[in-house]
$ cat my_file_16.csv   # CSV, C-alpha atoms
chain,number,residue,atom,x,y,z
A,1,MET,CA,-28.9,26.2,88.9
A,2,GLN,CA,-26.2,25.3,86.4
A,3,ILE,CA,-23.2,26.8,84.7
A,4,SER,CA,-20.7,25.5,82.1
A,5,VAL,CA,-17.1,26.5,81.9
A,6,ILE,CA,-16.0,27.9,78.6
A,7,LYS,CA,-12.6,29.1,79.6
A,8,PRO,CA,-11.3,28.3,83.1
A,9,GLY,CA,-8.6,30.9,83.5
A,10,LEU,CA,-5.1,30.5,85.0
A,11,LEU,CA,-6.2,28.6,88.2
A,12,SER,CA,-9.8,28.2,89.1
A,13,THR,CA,-10.9,25.8,91.9
A,14,ILE,CA,-13.8,25.2,94.3
A,15,GLN,CA,-13.0,26.3,97.9
A,16,ASP,CA,-14.8,26.9,101.2
A,17,LEU,CA,-13.3,28.3,104.4
A,18,GLY,CA,-10.9,25.4,104.9
A,19,ARG,CA,-10.3,21.9,106.2
A,20,TYR,CA,-9.3,21.9,109.8
A,21,ASN,CA,-8.2,19.3,112.4
A,22,TYR,CA,-6.1,17.3,110.0
A,23,LEU,CA,-2.7,19.0,110.1
A,24,SER,CA,-1.3,16.2,112.2
A,25,LYS,CA,-2.1,13.9,109.3
A,26,ALA,CA,-0.2,16.1,106.9
A,27,VAL,CA,-3.5,17.4,105.3
A,28,PRO,CA,-3.3,21.2,105.0
A,29,VAL,CA,-6.2,23.6,105.7
A,30,SER,CA,-6.6,24.6,102.0
A,31,GLY,CA,-9.6,26.8,101.6
A,32,ALA,CA,-10.0,30.3,100.1
A,33,MET,CA,-6.9,32.5,100.1
A,34,ASP,CA,-9.1,35.6,100.8
A,35,THR,CA,-11.6,34.2,103.3
A,36,LEU,CA,-13.3,37.6,103.8
A,37,SER,CA,-14.1,38.0,100.1
A,38,ALA,CA,-15.5,34.4,100.0
A,39,ARG,CA,-17.7,35.2,103.0
A,40,ILE,CA,-18.9,38.5,101.4
A,41,ALA,CA,-19.9,36.7,98.2
A,42,ASN,CA,-21.9,34.1,100.1
A,43,ILE,CA,-23.6,36.5,102.5
A,44,ALA,CA,-24.7,38.7,99.7
A,45,ILE,CA,-27.0,36.0,98.3
A,46,GLY,CA,-28.1,34.5,101.6
A,47,ASN,CA,-25.8,31.5,101.7
A,48,HIS,CA,-24.0,30.2,104.8
A,49,GLU,CA,-20.6,31.9,104.9
A,50,ASN,CA,-18.9,28.6,104.5
A,51,ALA,CA,-20.7,27.5,101.3
A,52,ALA,CA,-18.4,26.4,98.5
A,53,VAL,CA,-17.4,29.2,96.1
A,54,MET,CA,-15.3,29.3,92.9
A,55,GLU,CA,-11.9,30.9,93.5
A,56,PHE,CA,-10.4,32.5,90.4
A,57,THR,CA,-6.7,33.4,90.3
A,58,TYR,CA,-6.4,36.6,88.3
A,59,ALA,CA,-8.9,36.9,85.4
A,60,ASP,CA,-9.3,35.5,81.8
A,61,ALA,CA,-12.1,33.1,82.6
A,62,ILE,CA,-15.4,32.7,80.8
A,63,PHE,CA,-18.5,30.7,81.8
A,64,LYS,CA,-22.1,30.4,80.7
A,65,ALA,CA,-25.4,30.4,82.7
A,66,GLU,CA,-27.1,27.2,81.5
A,67,THR,CA,-30.2,28.1,83.6
A,68,ASP,CA,-31.4,31.2,85.4
A,69,ILE,CA,-28.9,31.8,88.3
A,70,LEU,CA,-28.4,34.0,91.2
A,71,ILE,CA,-24.7,34.8,91.9
A,72,ALA,CA,-22.5,37.3,93.8
A,73,TYR,CA,-18.8,37.9,93.5
A,74,ALA,CA,-16.2,39.6,95.7
A,75,GLY,CA,-12.4,40.1,95.6
A,76,GLU,CA,-10.0,42.3,93.7
A,77,GLY,CA,-8.7,39.8,91.2
A,78,ALA,CA,-11.1,40.4,88.4
A,79,ILE,CA,-14.1,42.5,87.1
A,80,PHE,CA,-17.1,40.5,85.9
A,81,LYS,CA,-18.8,41.5,82.7
A,82,ALA,CA,-21.9,40.3,80.8
A,83,THR,CA,-23.8,41.6,77.8
A,84,ASN,CA,-21.5,44.6,77.5
A,85,GLN,CA,-22.1,45.7,81.1
A,86,THR,CA,-19.9,45.6,84.2
A,87,LEU,CA,-21.4,43.6,87.0
A,88,PRO,CA,-21.0,45.1,90.5
A,89,SER,CA,-19.3,43.1,93.3
A,90,GLY,CA,-20.7,42.5,96.7
A,91,LYS,CA,-24.3,42.2,95.7
A,92,PRO,CA,-26.8,39.6,94.5
A,93,ILE,CA,-27.1,39.5,90.7
A,94,PHE,CA,-29.8,37.7,88.7
A,95,ILE,CA,-28.4,36.2,85.5
A,96,PRO,CA,-30.8,34.8,82.9
A,97,ALA,CA,-30.1,31.5,81.2
A,98,GLY,CA,-27.8,31.7,78.1
A,99,THR,CA,-25.8,34.6,79.4
A,100,ILE,CA,-22.0,34.6,78.9
A,101,ILE,CA,-20.0,36.0,81.8
A,102,SER,CA,-16.4,37.0,81.4
A,103,LEU,CA,-13.7,37.9,84.0
A,104,ASN,CA,-11.6,40.9,83.1
A,105,LYS,CA,-8.3,42.0,84.5
A,106,ASN,CA,-8.2,44.1,87.7
A,107,SER,CA,-4.7,45.2,88.6
A,108,THR,CA,-5.4,45.8,92.3
A,109,GLY,CA,-5.7,42.1,93.3
A,110,SER,CA,-5.2,38.5,92.3
A,111,ARG,CA,-8.2,36.5,93.5
A,112,THR,CA,-11.9,36.7,93.1
A,113,TYR,CA,-14.7,34.5,94.5
A,114,LEU,CA,-18.0,33.5,92.8
A,115,ALA,CA,-20.9,32.3,94.9
A,116,VAL,CA,-24.1,30.8,93.6
A,117,ALA,CA,-27.4,30.5,95.3
A,118,GLY,CA,-27.2,27.4,97.6
A,119,GLY,CA,-23.4,27.0,97.1
A,120,TRP,CA,-21.7,24.8,94.5
A,121,ASP,CA,-22.6,21.1,94.7
A,122,VAL,CA,-19.4,19.2,95.3
A,123,PRO,CA,-18.8,16.5,97.9
A,124,GLU,CA,-17.3,17.1,101.3
A,125,VAL,CA,-14.0,15.3,102.0
A,126,LEU,CA,-12.7,15.4,105.6
A,127,GLY,CA,-15.4,17.9,106.5
A,128,SER,CA,-14.6,20.4,103.7
A,129,GLN,CA,-15.5,21.1,100.1
A,130,SER,CA,-12.1,22.8,99.5
A,131,THR,CA,-9.8,21.5,96.7
A,132,PHE,CA,-6.5,20.1,97.7
A,133,LEU,CA,-4.7,19.8,94.4
A,134,THR,CA,-1.6,18.0,95.6
A,135,ALA,CA,-3.6,15.0,96.8
A,136,SER,CA,-6.3,15.4,94.1
A,137,PHE,CA,-9.3,15.5,96.4
A,138,GLY,CA,-12.0,17.9,97.4
A,139,GLY,CA,-13.6,20.5,95.2
A,140,PHE,CA,-14.7,19.5,91.7
A,141,GLN,CA,-13.2,16.1,91.1
A,142,GLY,CA,-10.1,17.0,93.1
A,143,ARG,CA,-8.7,19.3,90.4
A,144,GLN,CA,-8.8,22.8,88.9
A,145,LEU,CA,-11.7,23.6,86.6
A,146,GLN,CA,-11.4,22.9,82.9
A,147,SER,CA,-13.2,23.9,79.7
A,148,GLY,CA,-16.4,21.9,79.3
A,149,ASP,CA,-17.0,21.3,83.1
A,150,VAL,CA,-20.6,21.7,84.2
A,151,LEU,CA,-21.3,22.6,87.8
A,152,PHE,CA,-24.6,22.6,89.7
A,153,SER,CA,-25.8,24.4,92.8
A,154,LEU,CA,-27.3,23.0,96.0
A,155,ASN,CA,-30.8,23.9,97.2
A,156,PRO,CA,-30.9,27.5,98.3
A,157,SER,CA,-32.1,28.8,101.7
A,158,ALA,CA,-35.4,30.5,102.1
A,159,ALA,CA,-33.7,33.9,102.3
A,160,THR,CA,-31.8,33.1,99.0
A,161,LYS,CA,-35.1,32.1,97.3
A,162,ASN,CA,-36.6,35.3,98.4
A,163,ILE,CA,-33.8,37.3,96.8
A,164,PHE,CA,-34.0,35.3,93.6
A,165,ASN,CA,-37.8,35.8,93.3
A,166,LYS,CA,-37.4,39.6,93.7
A,167,LEU,CA,-34.7,39.9,91.1
A,168,GLN,CA,-35.8,37.2,88.6
A,169,GLY,CA,-36.8,38.5,85.1
A,170,ASP,CA,-35.8,38.6,81.5
A,171,ALA,CA,-32.6,40.5,82.0
A,172,ILE,CA,-29.6,40.9,84.4
A,173,ASN,CA,-30.9,42.5,87.6
A,174,PHE,CA,-29.4,43.5,90.9
A,175,PRO,CA,-30.3,45.7,93.9
A,176,LYS,CA,-28.9,49.1,94.7
A,177,TRP,CA,-27.3,48.0,98.0
A,178,SER,CA,-24.0,46.1,98.3
A,179,LEU,CA,-21.7,44.7,100.9
A,180,ALA,CA,-18.6,46.8,101.0
A,181,ARG,CA,-15.4,45.1,102.3
A,182,GLN,CA,-14.8,48.1,104.6
A,183,LEU,CA,-17.9,47.2,106.5
A,184,PHE,CA,-16.3,44.0,107.7
A,185,LEU,CA,-12.6,44.7,108.1
A,186,PRO,CA,-10.3,47.7,107.7
A,187,ASP,CA,-7.6,47.6,105.0
A,188,LYS,CA,-4.9,48.1,107.6
A,189,ARG,CA,-4.5,46.0,110.8
A,190,SER,CA,-2.0,45.8,113.6
A,191,ILE,CA,-0.4,42.3,113.9
A,192,ARG,CA,1.3,41.2,117.1
A,193,VAL,CA,4.3,39.0,117.0
A,194,VAL,CA,6.1,36.7,119.5
A,195,PRO,CA,9.9,36.5,119.0
A,196,ALA,CA,11.3,33.0,118.5
A,197,GLN,CA,14.8,32.0,119.8
A,198,GLU,CA,16.3,33.0,116.4
A,199,PHE,CA,15.1,36.6,116.7
A,200,ASN,CA,18.5,37.7,118.0
A,201,TRP,CA,20.1,36.6,114.8
A,202,PHE,CA,18.9,39.9,113.2
A,203,ASP,CA,20.4,43.4,113.7
A,204,GLY,CA,18.7,45.9,115.9
A,205,ARG,CA,17.9,48.5,113.2
A,206,SER,CA,16.1,46.0,111.1
A,207,ILE,CA,14.2,44.6,114.1
A,208,ILE,CA,13.0,48.2,114.9
A,209,ASP,CA,11.9,48.6,111.3
A,210,PHE,CA,10.2,45.2,111.3
A,211,LEU,CA,8.2,46.1,114.4
A,212,SER,CA,7.2,49.6,113.3
A,213,SER,CA,6.9,49.5,109.5
A,214,PRO,CA,3.8,48.8,107.3
A,215,TYR,CA,3.7,45.6,105.2
A,216,LYS,CA,1.6,44.7,102.2
A,217,ILE,CA,0.6,41.2,101.1
A,218,SER,CA,2.3,40.5,97.8
A,219,LEU,CA,0.4,39.2,94.7
A,220,ARG,CA,3.0,36.4,94.7
A,221,SER,CA,1.3,34.8,97.7
A,222,ASN,CA,-0.1,31.3,97.6
A,223,ARG,CA,-1.4,28.6,99.9
A,224,MET,CA,2.2,27.9,101.1
A,225,GLY,CA,2.4,31.3,102.5
A,226,PHE,CA,1.8,35.1,102.3
A,227,HIS,CA,4.7,37.0,100.9
A,228,LEU,CA,5.2,40.3,102.6
A,229,GLU,CA,6.3,43.5,100.8
A,230,GLY,CA,8.2,45.9,103.1
A,231,ALA,CA,11.3,46.4,105.2
A,232,GLY,CA,13.4,43.2,105.4
A,233,LEU,CA,15.2,41.6,108.4
A,234,HIS,CA,19.0,41.5,108.1
A,235,ARG,CA,21.0,38.9,109.9
A,236,THR,CA,24.1,39.4,112.0
A,237,GLU,CA,24.5,35.6,112.4
A,238,LYS,CA,25.3,33.7,109.2
A,239,LYS,CA,23.2,30.7,110.3
A,240,GLU,CA,20.6,28.6,108.6
A,241,LEU,CA,17.8,26.6,110.0
A,242,LEU,CA,17.0,23.1,108.8
A,243,SER,CA,13.8,22.9,106.9
A,244,THR,CA,11.0,21.9,109.3
A,245,ALA,CA,7.3,22.0,109.6
A,246,VAL,CA,5.6,25.3,110.7
A,247,THR,CA,2.2,26.2,112.0
A,248,PRO,CA,0.0,28.9,110.6
A,249,GLY,CA,1.2,32.3,111.8
A,250,THR,CA,4.9,31.5,111.7
A,251,ILE,CA,7.0,34.1,109.9
A,252,GLN,CA,9.9,32.7,107.9
A,253,VAL,CA,12.7,35.0,106.8
A,254,THR,CA,14.3,34.2,103.5
A,255,GLY,CA,18.0,34.5,102.6
A,256,ASN,CA,17.5,38.1,101.2
A,257,GLY,CA,15.6,39.2,104.3
A,258,SER,CA,12.1,39.2,102.9
A,259,MET,CA,9.4,37.5,104.9
A,260,ILE,CA,6.8,34.8,104.3
$ encode --input "my_file_16.csv" --output "C-alpha cells"
Amino acid sequence: MQISVIKPGLLSTIQDLGRYNYLSKAVPVSGAMDTLSARIANIAIGNHENAAVMEFTYADAIFKAETDILIAYAGEGAIFKATNQTLPSGKPIFIPAGTIISLNKNSTGSRTYLAVAGGWDVPEVLGSQSTFLTASFGGFQGRQLQSGDVLFSLNPSAATKNIFNKLQGDAINFPKWSLARQLFLPDKRSIRVVPAQEFNWFDGRSIIDFLSSPYKISLRSNRMGFHLEGAGLHRTEKKELLSTAVTPGTIQVTGNGSMI
C-alpha cells in the first residue's frame, strides 16, 4: 500500500511506542506523544500495537492514496475528511486508490495518529522506528514529512488482510463498530507522587492544592515534557536548582509555579 504527501502539516513524523534502554547514551525515548491513540489506530486494523504510525501535530495536512489502502486514525488533533465526507476515528477504513484525504482542525486536541495496514515501512534504529529529529535518525529518513514524500506499508497480518477483503470495493467503506478511547482508559486518573528533598521549598497551602486539585495536560506539551494546567506551587524559599538530567516522571516547577 502506498500514499504520497501533498501537504505535510505543521509537524508530521513517523513514530512507534518509543526507543527504550538508551537513556544512558543520551538517546531519548521519542515515540508517540499520545501512545493510547497510536495503539487504538493500530489495533483497529489488526496491526501490532507497536507498528509505526504517522503522528500529526494539529491539522492542515493532505495526502493521496496511490493504491487501495486500509487505514485507521485516532487522537483529538484533527478530523479526517475525503470526498466530502467525514471519516470516523477508531475504526478500519478502506480508501480506494486516487482518493485525497485532508486533516481538518479539531480544537479539542493537538495530535492525531494514522495507521496503515501492516504499519509504515521505515527502518528500525536502535530497536525502534520512531523519529528522533535532533539526531536525524529513525522514522522516514530521520526527518519530518515533506511534500512529495512517498511512503509504503509493510506486509499486513492475516487479521488485517481479512478486514481489508471485507471492506474493499469501489468507494470508501468502514464498519459500524469502532474502538472508543473510553474502553481503554478513563479521561481522569489519579497520579501518585513521591516528594523530593526540595518539596519543603513550597508553602503549605499550595502543597495541599497540588495534592488535591485536578490538572489538565496543556496543548503546549511536547517531547521534552507535559505542561500541566492547574494550581501552581509557590515557593517560600528563593532557591534555584542547577539544570540537571531528569528521568521520566519527574515534575519540574518553573519560576512562575507552573509544572512540567
$ residues_around --input "my_file_16.csv" --residues "range 167-180 of chain A" --least-positions-apart "2" --cutoff "8 Å" --atoms "only C-alpha atoms" --output "PDB file with C-alpha atoms, in the coordinates of the input"
ATOM      1  CA  ILE A  40     -18.900  38.500 101.400  1.00  0.00           C
ATOM      2  CA  ALA A  44     -24.700  38.700  99.700  1.00  0.00           C
ATOM      3  CA  SER A  89     -19.300  43.100  93.300  1.00  0.00           C
ATOM      4  CA  GLY A  90     -20.700  42.500  96.700  1.00  0.00           C
ATOM      5  CA  LYS A  91     -24.300  42.200  95.700  1.00  0.00           C
ATOM      6  CA  PRO A  92     -26.800  39.600  94.500  1.00  0.00           C
ATOM      7  CA  ILE A  93     -27.100  39.500  90.700  1.00  0.00           C
ATOM      8  CA  PHE A  94     -29.800  37.700  88.700  1.00  0.00           C
ATOM      9  CA  ILE A  95     -28.400  36.200  85.500  1.00  0.00           C
ATOM     10  CA  PRO A  96     -30.800  34.800  82.900  1.00  0.00           C
ATOM     11  CA  ILE A 163     -33.800  37.300  96.800  1.00  0.00           C
ATOM     12  CA  PHE A 164     -34.000  35.300  93.600  1.00  0.00           C
ATOM     13  CA  ASN A 165     -37.800  35.800  93.300  1.00  0.00           C
ATOM     14  CA  GLN A 182     -14.800  48.100 104.600  1.00  0.00           C
ATOM     15  CA  LEU A 183     -17.900  47.200 106.500  1.00  0.00           C
ATOM     16  CA  PHE A 184     -16.300  44.000 107.700  1.00  0.00           C
TER      17      PHE A 184
END
$ residues_around --input "my_file_16.csv" --residues "His234 in chain A" --least-positions-apart "6" --cutoff "12 Å" --atoms "all atoms listed in the file" --output "JSON, numbers by chain"
{"A": [199, 200, 201, 202, 203, 204, 205, 206, 207, 208, 209, 210, 253, 254, 255, 256, 257, 258, 259]}
$ closest_residue --input "my_file_16.csv" --among "A:Gln129, A:Thr236, A:Ser4, A:Thr57" --to "Gly109 in chain A" --atoms "all atoms listed in the file"
A:Thr57
$ closest_residue --input "my_file_16.csv" --among "A:Arg189, A:Lys239, A:Lys161, A:Lys7" --to "Ile101 in chain A" --atoms "only C-alpha atoms"
A:Lys7
$ residues_around --input "my_file_16.csv" --residues "range 23-29 of chain A" --least-positions-apart "2" --cutoff "10 Å" --atoms "all atoms listed in the file" --output "PyMOL selection string"
chain A and resi 17-21+31-32+126+128+130-132+134-135+223-224+245+247-248
$ atom_distance --input "my_file_16.csv" --atom1 "CA of Leu36 in chain A" --atom2 "CA of Ala65 in chain A"
25.4 Å
$ build_atoms --input "my_file_16.csv" --residues "range 233-247 of chain A" --atoms "N, CA and C atoms" --output "PDB file, keeping the file's coordinate frame"
ATOM      1  N   LEU A 233      14.376  41.878 107.178  1.00  0.00           N
ATOM      2  CA  LEU A 233      15.200  41.600 108.400  1.00  0.00           C
ATOM      3  C   LEU A 233      16.565  41.147 107.939  1.00  0.00           C
ATOM      4  N   HIS A 234      17.603  41.788 108.483  1.00  0.00           N
ATOM      5  CA  HIS A 234      19.000  41.500 108.100  1.00  0.00           C
ATOM      6  C   HIS A 234      19.724  40.805 109.194  1.00  0.00           C
ATOM      7  N   ARG A 235      20.370  39.706 108.858  1.00  0.00           N
ATOM      8  CA  ARG A 235      21.000  38.900 109.900  1.00  0.00           C
ATOM      9  C   ARG A 235      22.412  39.379 110.240  1.00  0.00           C
ATOM     10  N   THR A 236      22.739  39.234 111.506  1.00  0.00           N
ATOM     11  CA  THR A 236      24.100  39.400 112.000  1.00  0.00           C
ATOM     12  C   THR A 236      24.784  38.051 112.134  1.00  0.00           C
ATOM     13  N   GLU A 237      23.971  37.010 112.246  1.00  0.00           N
ATOM     14  CA  GLU A 237      24.500  35.600 112.400  1.00  0.00           C
ATOM     15  C   GLU A 237      24.273  34.912 111.026  1.00  0.00           C
ATOM     16  N   LYS A 238      25.336  34.382 110.480  1.00  0.00           N
ATOM     17  CA  LYS A 238      25.300  33.700 109.200  1.00  0.00           C
ATOM     18  C   LYS A 238      24.867  32.201 109.452  1.00  0.00           C
ATOM     19  N   LYS A 239      23.712  32.029 110.034  1.00  0.00           N
ATOM     20  CA  LYS A 239      23.200  30.700 110.300  1.00  0.00           C
ATOM     21  C   LYS A 239      22.011  30.368 109.483  1.00  0.00           C
ATOM     22  N   GLU A 240      21.772  29.095 109.314  1.00  0.00           N
ATOM     23  CA  GLU A 240      20.600  28.600 108.600  1.00  0.00           C
ATOM     24  C   GLU A 240      19.876  27.582 109.389  1.00  0.00           C
ATOM     25  N   LEU A 241      18.564  27.609 109.334  1.00  0.00           N
ATOM     26  CA  LEU A 241      17.800  26.600 110.000  1.00  0.00           C
ATOM     27  C   LEU A 241      17.516  25.425 109.048  1.00  0.00           C
ATOM     28  N   LEU A 242      17.465  24.235 109.592  1.00  0.00           N
ATOM     29  CA  LEU A 242      17.000  23.100 108.800  1.00  0.00           C
ATOM     30  C   LEU A 242      15.562  23.243 108.463  1.00  0.00           C
ATOM     31  N   SER A 243      15.184  22.797 107.277  1.00  0.00           N
ATOM     32  CA  SER A 243      13.800  22.900 106.900  1.00  0.00           C
ATOM     33  C   SER A 243      12.940  22.041 107.859  1.00  0.00           C
ATOM     34  N   THR A 244      11.857  22.624 108.325  1.00  0.00           N
ATOM     35  CA  THR A 244      11.000  21.900 109.300  1.00  0.00           C
ATOM     36  C   THR A 244       9.571  22.371 109.134  1.00  0.00           C
ATOM     37  N   ALA A 245       8.677  21.637 109.726  1.00  0.00           N
ATOM     38  CA  ALA A 245       7.300  22.000 109.600  1.00  0.00           C
ATOM     39  C   ALA A 245       6.981  23.252 110.442  1.00  0.00           C
ATOM     40  N   VAL A 246       6.037  24.036 109.968  1.00  0.00           N
ATOM     41  CA  VAL A 246       5.600  25.300 110.700  1.00  0.00           C
ATOM     42  C   VAL A 246       4.123  25.272 110.815  1.00  0.00           C
ATOM     43  N   THR A 247       3.663  26.036 111.771  1.00  0.00           N
ATOM     44  CA  THR A 247       2.200  26.200 112.000  1.00  0.00           C
ATOM     45  C   THR A 247       1.762  27.508 111.405  1.00  0.00           C
TER      46      THR A 247
END
